[in-house]
$ cat coords.txt   # compact mmCIF, C-alpha atoms
# COMPACT_ATOMS: atom_id res chain seq x y z
CA MET A 1 59.52 111.46 89.19
CA THR A 2 61.95 108.73 88.25
CA ASP A 3 61.35 106.74 85.08
CA LEU A 4 61.47 103.21 86.47
CA SER A 5 61.33 101.75 82.95
CA ARG A 6 64.76 103.07 82.05
CA PRO A 7 67.68 100.63 81.68
CA GLY A 8 69.71 99.89 84.77
CA LYS A 9 68.78 99.21 88.35
CA THR A 10 66.61 101.45 90.49
CA ARG A 11 68.69 102.86 93.33
CA VAL A 12 66.66 102.47 96.52
CA LEU A 13 67.15 103.98 99.95
CA LEU A 14 65.42 101.98 102.71
CA SER A 15 63.86 103.45 105.84
CA TRP A 16 65.26 101.27 108.64
CA SER A 17 63.68 100.77 112.07
CA SER A 18 65.87 97.78 113.09
CA GLY A 19 62.78 95.53 113.28
CA LYS A 20 61.56 92.49 111.43
CA ASP A 21 59.43 94.38 108.88
CA SER A 22 62.36 96.54 107.80
CA ALA A 23 64.56 93.47 107.59
CA TRP A 24 62.02 91.54 105.51
CA THR A 25 61.54 94.55 103.25
CA LEU A 26 65.30 94.62 102.70
CA TYR A 27 65.21 90.94 101.75
CA GLN A 28 62.47 91.53 99.19
CA LEU A 29 64.45 94.37 97.66
CA GLN A 30 67.61 92.26 97.60
CA ARG A 31 65.74 89.58 95.66
CA ASP A 32 64.54 92.03 93.01
CA PRO A 33 66.98 92.03 90.07
CA THR A 34 65.81 95.51 89.02
CA VAL A 35 66.76 97.08 92.37
CA GLU A 36 69.99 98.13 94.06
CA VAL A 37 69.67 99.04 97.73
CA VAL A 38 72.15 101.87 98.25
CA GLY A 39 71.71 102.68 101.94
CA LEU A 40 69.67 102.52 105.12
CA LEU A 41 68.06 105.53 106.79
CA THR A 42 67.38 105.37 110.53
CA THR A 43 66.28 107.72 113.30
CA TYR A 44 67.52 107.53 116.86
CA ASN A 45 66.93 109.19 120.19
CA GLN A 46 69.96 111.43 120.64
CA ALA A 47 69.65 111.53 124.43
CA PHE A 48 69.88 107.76 124.83
CA ALA A 49 71.59 106.68 121.55
CA ARG A 50 68.77 104.24 120.85
CA SER A 51 66.59 103.73 117.81
CA ALA A 52 63.37 105.70 117.90
CA ILE A 53 60.34 103.74 119.18
CA HIS A 54 62.09 100.34 119.18
CA GLY A 55 64.54 101.38 121.91
CA VAL A 56 67.44 99.42 120.39
CA ARG A 57 71.01 100.51 121.06
CA LEU A 58 72.43 102.45 118.13
CA THR A 59 75.50 100.20 118.20
CA LEU A 60 73.26 97.24 117.33
CA VAL A 61 71.61 99.13 114.47
CA ARG A 62 75.08 99.84 113.12
CA ALA A 63 75.89 96.15 113.43
CA GLN A 64 72.82 95.34 111.33
CA ALA A 65 73.97 97.70 108.59
CA GLN A 66 77.40 96.11 108.60
CA ALA A 67 75.87 92.64 108.39
CA ALA A 68 73.73 93.80 105.46
CA GLY A 69 76.77 95.33 103.77
CA LEU A 70 75.11 98.75 103.53
CA PRO A 71 75.93 102.29 104.69
CA LEU A 72 73.73 103.74 107.41
CA VAL A 73 72.50 107.33 107.55
CA GLU A 74 71.81 108.15 111.20
CA ILE A 75 69.26 110.87 111.92
CA PRO A 76 69.45 112.20 115.51
CA LEU A 77 66.19 113.22 117.16
CA PRO A 78 66.02 115.45 120.25
CA TRP A 79 64.26 114.25 123.38
CA PRO A 80 61.47 115.11 123.75
CA CYS A 81 60.76 115.54 120.06
CA SER A 82 57.88 117.50 118.55
CA ASN A 83 56.44 116.59 115.16
CA GLU A 84 57.97 119.76 113.73
CA GLN A 85 61.41 118.81 115.05
CA TYR A 86 60.98 115.29 113.69
CA GLU A 87 60.16 116.55 110.21
CA GLN A 88 63.08 118.99 110.24
CA ALA A 89 65.47 116.21 111.23
CA MET A 90 64.06 113.89 108.58
CA ARG A 91 64.46 116.53 105.88
CA ALA A 92 68.09 117.11 106.86
CA GLY A 93 68.83 113.38 106.97
CA LEU A 94 67.13 112.71 103.67
CA ASP A 95 69.00 115.60 102.04
CA GLU A 96 72.27 114.06 103.23
CA ALA A 97 71.25 110.62 101.95
CA MET A 98 70.22 111.96 98.57
CA GLN A 99 73.55 113.73 98.15
CA ARG A 100 75.54 110.67 99.19
CA PHE A 101 73.67 107.95 97.32
CA VAL A 102 71.66 109.70 94.56
CA PRO A 103 68.70 107.33 95.02
CA ASP A 104 65.79 106.98 92.62
CA ALA A 105 63.34 105.81 95.27
CA ILE A 106 62.81 105.32 98.99
CA ALA A 107 61.22 102.18 100.45
CA PHE A 108 59.24 101.62 103.64
CA GLY A 109 58.23 98.44 105.46
CA ASP A 110 54.64 99.47 106.19
CA LEU A 111 51.97 96.80 105.97
CA PHE A 112 48.42 98.18 105.94
CA LEU A 113 47.96 101.48 107.80
CA GLU A 114 46.61 103.80 105.12
CA ASP A 115 47.18 107.00 107.12
CA ILE A 116 50.86 106.20 107.62
CA ARG A 117 51.29 105.44 103.91
CA ALA A 118 49.53 108.66 102.93
CA TYR A 119 51.75 110.64 105.33
CA ARG A 120 54.93 109.15 103.86
CA GLU A 121 53.79 109.74 100.29
CA SER A 122 52.89 113.36 101.02
CA ARG A 123 56.25 114.02 102.70
CA MET A 124 58.22 112.35 99.93
CA ALA A 125 56.32 114.09 97.12
CA GLN A 126 58.54 117.15 97.38
CA THR A 127 61.76 115.10 97.08
CA GLY A 128 61.19 113.72 93.58
CA LEU A 129 61.80 110.19 94.86
CA ASP A 130 59.46 107.34 94.04
CA VAL A 131 57.98 105.75 97.16
CA LEU A 132 57.97 101.95 97.43
CA PHE A 133 56.13 99.67 99.85
CA PRO A 134 57.47 96.19 98.98
CA ILE A 135 55.50 94.17 101.57
CA TRP A 136 52.34 96.31 101.62
CA GLY A 137 49.04 94.46 101.69
CA THR A 138 50.40 91.02 102.59
CA PRO A 139 48.04 89.45 105.16
CA THR A 140 49.97 89.79 108.38
CA ASP A 141 49.21 86.30 109.67
CA GLN A 142 50.66 84.93 106.45
CA LEU A 143 53.57 87.38 106.51
CA ALA A 144 54.55 86.47 110.08
CA LEU A 145 54.72 82.78 109.17
CA THR A 146 56.64 83.52 105.98
CA MET A 147 59.22 85.55 107.89
CA ILE A 148 59.74 82.79 110.43
CA SER A 149 59.90 79.96 107.89
CA GLY A 150 62.19 82.12 105.75
CA GLY A 151 64.82 82.21 108.49
CA LEU A 152 64.28 85.66 109.97
CA GLN A 153 65.08 85.76 113.69
CA ALA A 154 64.09 88.69 115.87
CA ALA A 155 63.50 89.58 119.51
CA VAL A 156 60.76 91.75 120.98
CA THR A 157 62.28 94.98 122.28
CA CYS A 158 59.17 97.01 123.08
CA LEU A 159 55.53 96.20 123.76
CA ASP A 160 52.34 97.83 124.91
CA PRO A 161 51.30 96.07 128.14
CA ALA A 162 47.75 97.39 127.73
CA ARG A 163 47.36 95.19 124.67
CA MET A 164 49.54 92.14 125.24
CA PRO A 165 51.19 90.22 128.09
CA GLN A 166 54.23 91.88 129.62
CA SER A 167 55.77 88.41 129.88
CA LEU A 168 56.41 88.48 126.14
CA ALA A 169 58.97 91.28 126.49
CA GLY A 170 62.26 90.05 125.10
CA ALA A 171 60.65 87.00 123.52
CA ALA A 172 61.83 85.53 120.24
CA PHE A 173 59.59 86.25 117.28
CA ASP A 174 58.70 82.64 116.52
CA LEU A 175 55.76 80.24 116.33
CA ASP A 176 55.53 80.00 120.10
CA PHE A 177 55.33 83.80 120.35
CA LEU A 178 52.56 83.95 117.75
CA ALA A 179 50.61 81.27 119.62
CA LYS A 180 50.75 83.34 122.82
CA LEU A 181 49.48 86.56 121.25
CA PRO A 182 45.94 87.64 122.18
CA ALA A 183 43.54 87.39 119.25
CA THR A 184 43.24 91.19 119.21
CA VAL A 185 46.96 91.68 118.53
CA ASP A 186 48.17 91.88 114.95
CA PRO A 187 50.68 89.05 114.29
CA CYS A 188 53.20 91.60 113.01
CA GLY A 189 52.39 94.27 115.60
CA GLU A 190 51.45 96.74 112.88
CA ASN A 191 49.11 98.63 115.21
CA GLY A 192 51.99 99.36 117.59
CA GLU A 193 51.40 96.41 119.91
CA PHE A 194 55.06 95.42 119.81
CA HIS A 195 58.36 96.20 118.11
CA SER A 196 61.39 94.05 117.46
CA PHE A 197 65.06 93.80 116.56
CA ALA A 198 66.01 91.49 113.68
CA TRP A 199 69.31 89.81 114.45
CA SER A 200 69.54 87.09 111.82
CA GLY A 201 68.07 86.15 108.46
CA PRO A 202 68.72 85.90 104.73
CA MET A 203 69.08 89.67 104.44
CA PHE A 204 72.26 89.57 106.55
CA LYS A 205 75.67 88.16 105.71
CA TRP A 206 76.10 87.02 109.31
CA PRO A 207 73.97 87.05 112.48
CA ILE A 208 74.19 89.82 115.06
CA ARG A 209 74.58 87.92 118.31
CA VAL A 210 72.62 89.51 121.14
CA ALA A 211 71.75 88.75 124.74
CA VAL A 212 68.48 89.72 126.41
CA GLY A 213 69.09 92.18 129.21
CA GLU A 214 67.04 94.27 131.61
CA THR A 215 63.34 94.95 131.08
CA VAL A 216 61.94 98.30 132.23
CA ILE A 217 58.66 100.20 132.01
CA ARG A 218 58.98 103.68 130.56
CA GLU A 219 56.16 106.04 129.59
CA GLY A 220 53.61 103.24 129.58
CA PHE A 221 55.62 100.85 127.39
CA VAL A 222 57.75 97.85 128.30
CA TYR A 223 61.29 97.91 126.91
CA THR A 224 63.75 95.03 126.91
CA ASP A 225 67.39 95.89 126.43
CA LEU A 226 69.53 93.85 124.04
CA THR A 227 73.30 93.82 124.23
CA ALA A 228 75.86 92.55 121.75
CA VAL A 229 77.51 89.23 122.47
CA VAL A 230 81.22 89.36 121.71
CA ALA A 231 82.50 86.11 120.24
$ encode --input "coords.txt" --output "structure tokens"
Amino acid sequence: MTDLSRPGKTRVLLSWSSGKDSAWTLYQLQRDPTVEVVGLLTTYNQAFARSAIHGVRLTLVRAQAQAAGLPLVEIPLPWPCSNEQYEQAMRAGLDEAMQRFVPDAIAFGDLFLEDIRAYRESRMAQTGLDVLFPIWGTPTDQLALTMISGGLQAAVTCLDPARMPQSLAGAAFDLDFLAKLPATVDPCGENGEFHSFAWSGPMFKWPIRVAVGETVIREGFVYTDLTAVVA
């Protein structure tokens, strides 16, 4: 394990989904004078060149990394993808990242799901990296408001229509969006109710301009495509 008390900054690799929680986690790490974020680690669906789960075009994820001023390690996942294949791909991607950046720790933007945290900790135990959860345990109603007031701007790219209105697909993550959420939906979508793409905020050097495109239903989820706006 890394001795975090040693002089110098802790070199941190950040797991990157392209969504608001990853972006806000990056911001918290950027504000920590003891930390240096050395790279972003993302998975994507190789068949469609889109980020896993969120359904965001890989080109937009790359634009985020550029706006953050950070290198991006891209981990391709087959489609369909078994858990065994996922873990193999993650091991290969993490090995590459560790060789390139020599990190001391890896950070995740998880909020409160204990089983997900335990899974990450168990998988990372064999790497020797410390595992960080910078925004863990923050009440999600408070966190959502803090993100919005802090200047983070995001759009909903995927939602579960069984748990929230399909009309919110492609919506901006803002106060109006929060007001329209059913009471049963977590304000940050931590239970998988929705996913997002962060396109602007204090973690970026410039905004990633996007336009809301087509909305489709695929495998029971509603996906809204985002495309880059060329200035």
$ closest_residue --input "coords.txt" --among "A:Val35, A:Leu40, A:Ala97, A:Leu175" --to "Leu145 of chain A" --atoms "only C-alpha atoms"
A:Leu175
$ residues_around --input "coords.txt" --residues "Met203 of chain A" --least-positions-apart "6" --cutoff "12 Å" --atoms "only C-alpha atoms" --output "list of chain:residue names"
A:Lys20, A:Asp21, A:Ser22, A:Ala23, A:Trp24, A:Thr25, A:Leu26, A:Tyr27, A:Gln28, A:Leu29, A:Gln30, A:Arg31, A:Val37, A:Gln64, A:Ala65, A:Gln66, A:Ala67, A:Ala68, A:Gly69, A:Leu70, A:Met147, A:Gly150, A:Gly151, A:Leu152, A:Gln153
$ write_last_selection --input "coords.txt" --atoms "C-alpha atoms" --output "PDB file, in the frame of the given file"
ATOM      1  CA  LYS A  20      61.560  92.490 111.430  1.00  0.00           C
ATOM      2  CA  ASP A  21      59.430  94.380 108.880  1.00  0.00           C
ATOM      3  CA  SER A  22      62.360  96.540 107.800  1.00  0.00           C
ATOM      4  CA  ALA A  23      64.560  93.470 107.590  1.00  0.00           C
ATOM      5  CA  TRP A  24      62.020  91.540 105.510  1.00  0.00           C
ATOM      6  CA  THR A  25      61.540  94.550 103.250  1.00  0.00           C
ATOM      7  CA  LEU A  26      65.300  94.620 102.700  1.00  0.00           C
ATOM      8  CA  TYR A  27      65.210  90.940 101.750  1.00  0.00           C
ATOM      9  CA  GLN A  28      62.470  91.530  99.190  1.00  0.00           C
ATOM     10  CA  LEU A  29      64.450  94.370  97.660  1.00  0.00           C
ATOM     11  CA  GLN A  30      67.610  92.260  97.600  1.00  0.00           C
ATOM     12  CA  ARG A  31      65.740  89.580  95.660  1.00  0.00           C
ATOM     13  CA  VAL A  37      69.670  99.040  97.730  1.00  0.00           C
ATOM     14  CA  GLN A  64      72.820  95.340 111.330  1.00  0.00           C
ATOM     15  CA  ALA A  65      73.970  97.700 108.590  1.00  0.00           C
ATOM     16  CA  GLN A  66      77.400  96.110 108.600  1.00  0.00           C
ATOM     17  CA  ALA A  67      75.870  92.640 108.390  1.00  0.00           C
ATOM     18  CA  ALA A  68      73.730  93.800 105.460  1.00  0.00           C
ATOM     19  CA  GLY A  69      76.770  95.330 103.770  1.00  0.00           C
ATOM     20  CA  LEU A  70      75.110  98.750 103.530  1.00  0.00           C
ATOM     21  CA  MET A 147      59.220  85.550 107.890  1.00  0.00           C
ATOM     22  CA  GLY A 150      62.190  82.120 105.750  1.00  0.00           C
ATOM     23  CA  GLY A 151      64.820  82.210 108.490  1.00  0.00           C
ATOM     24  CA  LEU A 152      64.280  85.660 109.970  1.00  0.00           C
ATOM     25  CA  GLN A 153      65.080  85.760 113.690  1.00  0.00           C
TER      26      GLN A 153
END
$ atom_distance --input "coords.txt" --atom1 "atom CA of Gln142 of chain A" --atom2 "atom CA of Phe177 of chain A"
14.7 Å
$ residues_around --input "coords.txt" --residues "Met124 of chain A" --least-positions-apart "2" --cutoff "12 Å" --atoms "all atoms listed in the file" --output "VMD selection string"
chain A and resid 1 87 90 to 91 94 to 95 104 to 108 117 to 122 126 to 132
$ closest_residue --input "coords.txt" --among "A:Arg218, A:Phe204, A:Phe133, A:Tyr223" --to "Gln166 of chain A" --atoms "all atoms listed in the file"
A:Tyr223
$ closest_atom_pairs --input "coords.txt" --of "segment 106-207 of chain A" --to "segment 45-59 of chain A" --cutoff "10 Å" --atoms "all atoms listed in the file" --output "tab-separated table"
residue	atom	partner	partner_atom	distance
A:Val156	CA	A:His54	CA	8.9
A:Thr157	CA	A:His54	CA	6.2
A:Cys158	CA	A:His54	CA	5.9
A:Leu159	CA	A:His54	CA	9.0
A:Gly192	CA	A:Ile53	CA	9.6
A:Phe194	CA	A:His54	CA	8.6
A:His195	CA	A:His54	CA	5.7
A:Ser196	CA	A:His54	CA	6.6
A:Phe197	CA	A:Val56	CA	7.2
$ closest_residue --input "coords.txt" --among "A:Leu77, A:Val216, A:Ile135, A:Leu168" --to "Lys180 of chain A" --atoms "only C-alpha atoms"
A:Leu168
$ closest_residue --input "coords.txt" --among "A:Asp115, A:Asp225, A:Ala144, A:Ala183" --to "Ala169 of chain A" --atoms "only C-alpha atoms"
A:Asp225
$ atom_distance --input "coords.txt" --atom1 "atom CA of Phe112 of chain A" --atom2 "atom CA of Asn83 of chain A"
22.1 Å
$ closest_residue --input "coords.txt" --among "A:Leu14, A:Asp174, A:Pro182, A:Cys81" --to "Asp110 of chain A" --atoms "all atoms listed in the file"
A:Leu14
$ closest_residue --input "coords.txt" --among "A:Lys9, A:Arg209, A:Arg100, A:Arg163" --to "Leu41 of chain A" --atoms "all atoms listed in the file"
A:Arg100
$ residues_around --input "coords.txt" --residues "Tyr86 of chain A" --least-positions-apart "6" --cutoff "10 Å" --atoms "only C-alpha atoms" --output "ChimeraX atom specification"
/A:43,75-78
$ atom_distance --input "coords.txt" --atom1 "atom CA of Phe173 of chain A" --atom2 "atom CA of Ala154 of chain A"
5.3 Å
